[in-house]
Structure formats: structure tokens, C-alpha cells
>>> print(open('my_file_14.cif').read())   # mmCIF, C-alpha atoms
data_upload
#
loop_
_atom_site.group_PDB
_atom_site.id
_atom_site.type_symbol
_atom_site.label_atom_id
_atom_site.label_comp_id
_atom_site.auth_asym_id
_atom_site.auth_seq_id
_atom_site.Cartn_x
_atom_site.Cartn_y
_atom_site.Cartn_z
ATOM 1 C CA MET A 28 -24.784 112.126 -21.476
ATOM 2 C CA ALA A 29 -21.508 112.188 -19.422
ATOM 3 C CA LEU A 30 -20.864 114.523 -16.495
ATOM 4 C CA CYS A 31 -17.673 116.463 -15.804
ATOM 5 C CA ILE A 32 -16.850 116.178 -12.102
ATOM 6 C CA ASN A 33 -14.040 118.421 -10.850
ATOM 7 C CA PRO A 34 -13.522 119.658 -7.277
ATOM 8 C CA GLY A 35 -15.035 123.097 -6.915
ATOM 9 C CA VAL A 36 -16.951 122.849 -10.202
ATOM 10 C CA ILE A 37 -20.647 122.234 -10.615
ATOM 11 C CA PRO A 38 -21.118 119.143 -12.792
ATOM 12 C CA VAL A 39 -22.041 120.108 -16.338
ATOM 13 C CA PRO A 40 -23.054 117.888 -19.207
ATOM 14 C CA PHE A 41 -20.605 117.443 -22.076
ATOM 15 C CA THR A 42 -22.781 118.989 -24.738
ATOM 16 C CA GLY A 43 -20.165 120.917 -26.603
ATOM 17 C CA GLY A 44 -16.532 121.892 -26.654
ATOM 18 C CA LYS A 45 -16.998 125.288 -24.956
ATOM 19 C CA VAL A 46 -18.743 123.937 -21.860
ATOM 20 C CA ARG A 47 -16.135 121.192 -21.437
ATOM 21 C CA LYS A 48 -13.227 123.666 -21.817
ATOM 22 C CA ILE A 49 -14.722 126.020 -19.231
ATOM 23 C CA ALA A 50 -15.215 123.180 -16.739
ATOM 24 C CA VAL A 51 -11.668 121.864 -17.277
ATOM 25 C CA LEU A 52 -10.111 125.336 -16.939
ATOM 26 C CA THR A 53 -12.132 126.067 -13.803
ATOM 27 C CA GLY A 54 -11.013 122.750 -12.296
ATOM 28 C CA LEU A 55 -7.376 123.506 -13.155
ATOM 29 C CA ALA A 56 -7.594 126.972 -11.601
ATOM 30 C CA THR A 57 -9.119 125.485 -8.444
ATOM 31 C CA ALA A 58 -6.328 122.900 -8.219
ATOM 32 C CA LEU A 59 -3.674 125.606 -8.556
ATOM 33 C CA LEU A 60 -5.242 127.752 -5.843
ATOM 34 C CA VAL A 61 -5.591 124.839 -3.436
ATOM 35 C CA SER A 62 -1.961 123.788 -3.879
ATOM 36 C CA SER A 63 -0.429 127.284 -3.654
ATOM 37 C CA PRO A 64 1.635 127.862 -0.460
ATOM 38 C CA ALA A 65 0.575 131.520 -0.379
ATOM 39 C CA THR A 66 -3.087 130.528 -0.444
ATOM 40 C CA ALA A 67 -2.533 127.855 2.202
ATOM 41 C CA ALA A 68 -0.870 130.425 4.459
ATOM 42 C CA THR A 69 -3.928 132.654 4.343
ATOM 43 C CA THR A 70 -6.389 129.892 5.143
ATOM 44 C CA VAL A 71 -4.463 127.611 7.508
ATOM 45 C CA HIS A 72 -2.827 129.254 10.503
ATOM 46 C CA ASP A 73 0.500 127.642 11.188
ATOM 47 C CA ASP A 74 4.230 128.329 11.075
ATOM 48 C CA THR A 75 4.029 129.524 7.456
ATOM 49 C CA ASP A 76 1.972 132.500 8.663
ATOM 50 C CA ASN A 77 4.740 133.413 11.096
ATOM 51 C CA LEU A 78 7.245 133.211 8.232
ATOM 52 C CA TYR A 79 5.401 134.938 5.360
ATOM 53 C CA SER A 80 2.663 137.170 6.748
ATOM 54 C CA ALA A 81 3.115 140.929 6.439
ATOM 55 C CA GLU A 82 1.890 141.097 10.050
ATOM 56 C CA ALA A 83 5.213 139.588 11.208
ATOM 57 C CA CYS A 84 7.216 142.734 10.497
ATOM 58 C CA LYS A 85 4.711 145.482 11.221
ATOM 59 C CA ILE A 86 5.498 147.788 14.109
ATOM 60 C CA PRO A 87 4.657 145.896 17.323
ATOM 61 C CA GLY A 88 1.281 147.024 18.583
ATOM 62 C CA LYS A 89 0.070 147.673 15.031
ATOM 63 C CA SER A 90 0.260 144.000 14.061
ATOM 64 C CA LYS A 91 -2.521 141.452 14.408
ATOM 65 C CA PHE A 92 0.176 139.068 15.736
ATOM 66 C CA ASP A 93 0.242 139.477 19.506
ATOM 67 C CA PHE A 94 3.643 138.187 20.594
ATOM 68 C CA HIS A 95 6.666 140.396 19.948
ATOM 69 C CA ILE A 96 10.177 139.021 20.370
ATOM 70 C CA TYR A 97 13.208 141.338 20.352
ATOM 71 C CA TYR A 98 16.913 140.996 19.631
ATOM 72 C CA ASN A 99 17.950 143.315 22.493
ATOM 73 C CA SER A 100 16.850 143.804 26.080
ATOM 74 C CA ALA A 101 14.080 146.264 26.967
ATOM 75 C CA GLN A 102 12.113 145.561 23.761
ATOM 76 C CA SER A 103 14.723 147.165 21.519
ATOM 77 C CA GLY A 104 16.617 146.306 18.367
ATOM 78 C CA ALA A 105 15.123 144.137 15.648
ATOM 79 C CA TRP A 106 11.847 142.362 16.379
ATOM 80 C CA ARG A 107 9.414 139.885 14.944
ATOM 81 C CA ASN A 108 5.704 139.587 15.649
ATOM 82 C CA ILE A 109 4.561 136.005 16.118
ATOM 83 C CA GLY A 110 0.950 134.953 15.754
ATOM 84 C CA TYR A 111 1.133 131.175 16.177
ATOM 85 C CA SER A 112 3.195 128.704 18.192
ATOM 86 C CA VAL A 113 6.631 127.893 16.735
ATOM 87 C CA TYR A 114 8.033 124.396 17.386
ATOM 88 C CA ASN A 115 11.591 125.349 16.389
ATOM 89 C CA PHE A 116 12.726 128.883 15.506
ATOM 90 C CA ALA A 117 15.496 127.481 13.266
ATOM 91 C CA ASP A 118 13.331 125.004 11.376
ATOM 92 C CA VAL A 119 9.990 126.589 10.386
ATOM 93 C CA PRO A 120 7.988 124.830 7.635
ATOM 94 C CA ASP A 121 7.901 127.203 4.688
ATOM 95 C CA GLY A 122 4.900 125.870 2.792
ATOM 96 C CA VAL A 123 6.754 123.375 0.598
ATOM 97 C CA VAL A 124 6.562 119.762 1.777
ATOM 98 C CA GLY A 125 9.798 118.901 3.577
ATOM 99 C CA ALA A 126 11.310 122.397 3.251
ATOM 100 C CA THR A 127 12.039 124.648 6.225
ATOM 101 C CA SER A 128 13.601 128.031 6.919
ATOM 102 C CA PRO A 129 14.876 129.775 10.041
ATOM 103 C CA LEU A 130 12.571 132.459 11.440
ATOM 104 C CA PRO A 131 14.504 135.773 11.244
ATOM 105 C CA PHE A 132 14.177 139.093 12.995
ATOM 106 C CA CYS A 133 12.698 141.792 10.781
ATOM 107 C CA THR A 134 14.826 144.352 8.983
ATOM 108 C CA SER A 135 14.990 147.140 11.527
ATOM 109 C CA GLY A 136 17.568 147.782 14.224
ATOM 110 C CA ALA A 137 20.359 145.705 15.731
ATOM 111 C CA GLY A 138 19.994 142.018 14.867
ATOM 112 C CA ALA A 139 17.953 142.627 11.704
ATOM 113 C CA GLY A 140 17.878 139.552 9.476
ATOM 114 C CA GLN A 141 19.479 137.249 12.044
ATOM 115 C CA GLY A 142 17.716 134.068 13.088
ATOM 116 C CA ILE A 143 15.638 134.305 16.257
ATOM 117 C CA LYS A 144 16.892 130.988 17.668
ATOM 118 C CA ASN A 145 19.380 131.690 20.470
ATOM 119 C CA ASN A 146 19.384 135.439 19.702
ATOM 120 C CA ALA A 147 16.403 136.918 21.573
ATOM 121 C CA ALA A 148 16.737 138.966 24.736
ATOM 122 C CA SER A 149 13.224 140.252 25.512
ATOM 123 C CA GLY A 150 9.568 139.860 24.641
ATOM 124 C CA GLU A 151 6.106 141.292 24.967
ATOM 125 C CA ASN A 152 2.670 139.640 25.037
ATOM 126 C CA SER A 153 -0.113 141.840 23.638
ATOM 127 C CA HIS A 154 -2.747 139.093 23.717
ATOM 128 C CA TYR A 155 -5.763 139.752 25.928
ATOM 129 C CA LYS A 156 -6.277 136.119 26.915
ATOM 130 C CA TYR A 157 -3.324 133.734 26.372
ATOM 131 C CA MET A 158 0.010 133.244 28.123
ATOM 132 C CA ALA A 159 3.072 133.556 25.887
ATOM 133 C CA ARG A 160 5.935 131.129 26.617
ATOM 134 C CA VAL A 161 9.454 131.183 25.160
ATOM 135 C CA TYR A 162 11.344 127.915 25.692
ATOM 136 C CA PHE A 163 15.031 127.066 25.963
ATOM 137 C CA ASN A 164 14.656 123.972 23.751
ATOM 138 C CA SER A 165 12.777 123.194 20.566
ATOM 139 C CA GLY A 166 9.448 121.447 20.935
ATOM 140 C CA PHE A 167 8.268 123.602 23.876
ATOM 141 C CA LYS A 168 10.680 121.954 26.322
ATOM 142 C CA GLY A 169 13.142 122.997 28.973
ATOM 143 C CA ALA A 170 13.415 126.233 30.897
ATOM 144 C CA GLN A 171 10.997 128.954 29.886
ATOM 145 C CA ASP A 172 10.009 132.543 30.381
ATOM 146 C CA ALA A 173 6.256 133.093 30.531
ATOM 147 C CA MET A 174 4.337 136.320 30.001
ATOM 148 C CA ALA A 175 0.753 136.831 31.116
ATOM 149 C CA PRO A 176 -1.581 138.837 28.873
ATOM 150 C CA TYR A 177 -0.264 142.389 28.385
ATOM 151 C CA GLN A 178 3.010 141.572 30.167
ATOM 152 C CA HIS A 179 6.529 142.143 28.876
ATOM 153 C CA ILE A 180 9.927 140.925 30.025
ATOM 154 C CA ASP A 181 12.755 143.449 29.639
ATOM 155 C CA GLN A 182 15.375 140.691 29.746
ATOM 156 C CA PHE A 183 14.602 136.994 29.646
ATOM 157 C CA VAL A 184 15.668 135.290 32.862
ATOM 158 C CA HIS A 185 15.703 131.651 31.738
ATOM 159 C CA VAL A 186 16.076 131.875 27.951
ATOM 160 C CA PHE A 187 18.244 134.987 27.354
ATOM 161 C CA ASN A 188 19.973 134.309 24.002
ATOM 162 C CA GLN A 189 19.141 130.611 24.499
ATOM 163 C CA ASN A 190 15.651 130.370 23.036
ATOM 164 C CA ALA A 191 14.380 127.765 20.602
ATOM 165 C CA SER A 192 10.559 127.681 20.568
ATOM 166 C CA PHE A 193 7.427 129.654 21.399
ATOM 167 C CA GLN A 194 3.950 128.571 22.479
ATOM 168 C CA TRP A 195 0.615 130.139 23.383
ATOM 169 C CA THR A 196 -1.020 128.522 26.430
#
>>> encode(input="my_file_14.cif", output="C-alpha cells")
Amino acid sequence: MALCINPGVIPVPFTGGKVRKIAVLTGLATALLVSSPATAATTVHDDTDNLYSAEACKIPGKSKFDFHIYYNSAQSGAWRNIGYSVYNFADVPDGVVGATSPLPFCTSGAGAGQGIKNNAASGENSHYKYMARVYFNSGFKGAQDAMAPYQHIDQFVHVFNQNASFQWT
């Protein structure tokens, strides 16, 4: 008696056509779920969450993402909520191997839809524990503006409209 071994499927003996078809279909469904970018974004926290999560464009303070970056000074204009560190605002992995997209401001206010890289003027850290750092260069390098928990900066001093990455520390 042979066994059907598929990831996520309990091995079942090949006793008849129906059992084999069910095991094969279950294995196929599992493979599709594992390889789906949308599924990966909900289970692995990385740049794809910053790009695709509904939390990114909720009203700041109502989002589970605790860093809020704004197009204008004094936390005004378009914004984006960021939940995870971003190596390069212009080159965010979008869930497809080798493909990237720029991280845009959300669709509300001045700057809506524009890329965040080199366009942000202020920020706010709503996290209770971690420092939020916005860097001049990609890869968390160069000059930076840092915000302690619950701190905001009305106008970036070191990275005003010259910002390329973000990191929690």
C-alpha cells in the first residue's frame, strides 16, 4: 500500500480514486496558499506589510502601525503609517521575487500618492518602547532624525525632504 505525502496533508493510503483526489487537491491548495504574496504578508512581517497592509493608510493613531510619516511639516498633508523598518523608501520588496515598488504617501492631503523618499517633512512615533529613526540615506545610513517613544518632530532637522530609510531601534 503506497502513501501520499504532501506538505500540510496527513498521509493517506491510496485505496481508491476519491481519497487520492482529495489528498492531491488539499496539497495543491496548501501550495497555493504558501506561495501567495498576500498570505506571506500576513504571516511574515517585512516591507510587504508596509506596502500592502490596510493599517498603512488608516488615520494615524487608529493604526496598529506606530510610526507616522508626513508630507508636510507639523504632521500635516498626506501620511503613511509604517510598522516595520524600511531599507529604502524607493525600493520596497512587493512580495514577488526581484520586484520592488516605491512606498507612497496615502491618498489624503497634499502629497497624496507621491513617493515618501525625499518628500517627508515630519514624523511621529506612537510606539511605547522603540525609538523611530528616519535616515538621510538608504540602508539606515547618514544623518538621521530620531524620535523617542511618543515623540513627534514638527519639521525634520537632518532629513527634511532628504529621507531614504526608516528603522526601529
>>> atom_distance(input="my_file_14.cif", atom1="atom CA of A:Phe183", atom2="atom CA of A:Ser149")
5.4 Å
>>> resolve_selection(input="my_file_14.cif", expression="the PyMOL selection byres ((chain A and resi 143) around 8)", output="PDB file with C-alpha atoms, keeping the file's coordinate frame")
ATOM      1  CA  TYR A  98      16.913 140.996  19.631  1.00  0.00           C
ATOM      2  CA  PHE A 116      12.726 128.883  15.506  1.00  0.00           C
ATOM      3  CA  ALA A 117      15.496 127.481  13.266  1.00  0.00           C
ATOM      4  CA  PRO A 129      14.876 129.775  10.041  1.00  0.00           C
ATOM      5  CA  LEU A 130      12.571 132.459  11.440  1.00  0.00           C
ATOM      6  CA  PRO A 131      14.504 135.773  11.244  1.00  0.00           C
ATOM      7  CA  PHE A 132      14.177 139.093  12.995  1.00  0.00           C
ATOM      8  CA  GLN A 141      19.479 137.249  12.044  1.00  0.00           C
ATOM      9  CA  GLY A 142      17.716 134.068  13.088  1.00  0.00           C
ATOM     10  CA  LYS A 144      16.892 130.988  17.668  1.00  0.00           C
ATOM     11  CA  ASN A 145      19.380 131.690  20.470  1.00  0.00           C
ATOM     12  CA  ASN A 146      19.384 135.439  19.702  1.00  0.00           C
ATOM     13  CA  ALA A 147      16.403 136.918  21.573  1.00  0.00           C
ATOM     14  CA  ASN A 190      15.651 130.370  23.036  1.00  0.00           C
ATOM     15  CA  ALA A 191      14.380 127.765  20.602  1.00  0.00           C
TER      16      ALA A 191
END
>>> closest_residue(input="my_file_14.cif", among="A:Tyr79, A:Tyr97, A:Phe92, A:Tyr157", to="A:Asp181", atoms="all atoms listed in the file")
A:Tyr97
>>> atom_distance(input="my_file_14.cif", atom1="atom CA of A:Gly138", atom2="atom CA of A:Ala170")
23.4 Å
>>> resolve_selection(input="my_file_14.cif", expression="the PyMOL selection byres ((chain A and resi 107) around 8)", output="VMD selection string")
chain A and resid 83 to 84 95 to 97 105 to 106 108 to 109 131 to 133
>>> closest_residue(input="my_file_14.cif", among="A:Asn188, A:Gln194, A:Thr127, A:Thr134", to="A:Met158", atoms="only C-alpha atoms")
A:Gln194
>>> residues_around(input="my_file_14.cif", residues="A:Lys91", least_positions_apart="5", cutoff="12 Å", atoms="all atoms listed in the file", output="list in words")
Asp76, Asn77, Ser80, Ala81, Glu82, Ala83, Cys84, Lys85, Ile86, Asn108, Ile109, Gly110, Tyr111, Asn152, Ser153 and His154 of chain A
>>> resolve_selection(input="my_file_14.cif", expression="the PyMOL selection byres ((chain A and resi 136) around 6)", output="list in words")
Gly104, Ala105, Ser135, Ala137 and Ala139 of chain A
>>> atom_distance(input="my_file_14.cif", atom1="atom CA of A:Gln189", atom2="atom CA of A:Asp172")
11.0 Å
>>> closest_residue(input="my_file_14.cif", among="A:Ile180, A:Ala175, A:Phe94, A:Lys89", to="A:Ala148", atoms="all atoms listed in the file")
A:Ile180
>>> axis_aligned_box(input="my_file_14.cif", around="stretch 144-160 of chain A", padding_each_side="5 Å", output="lines of an AutoDock Vina configuration file")
center_x = 6.6
center_y = 136.4
center_z = 22.9
size_x = 35.7
size_y = 20.9
size_z = 20.5
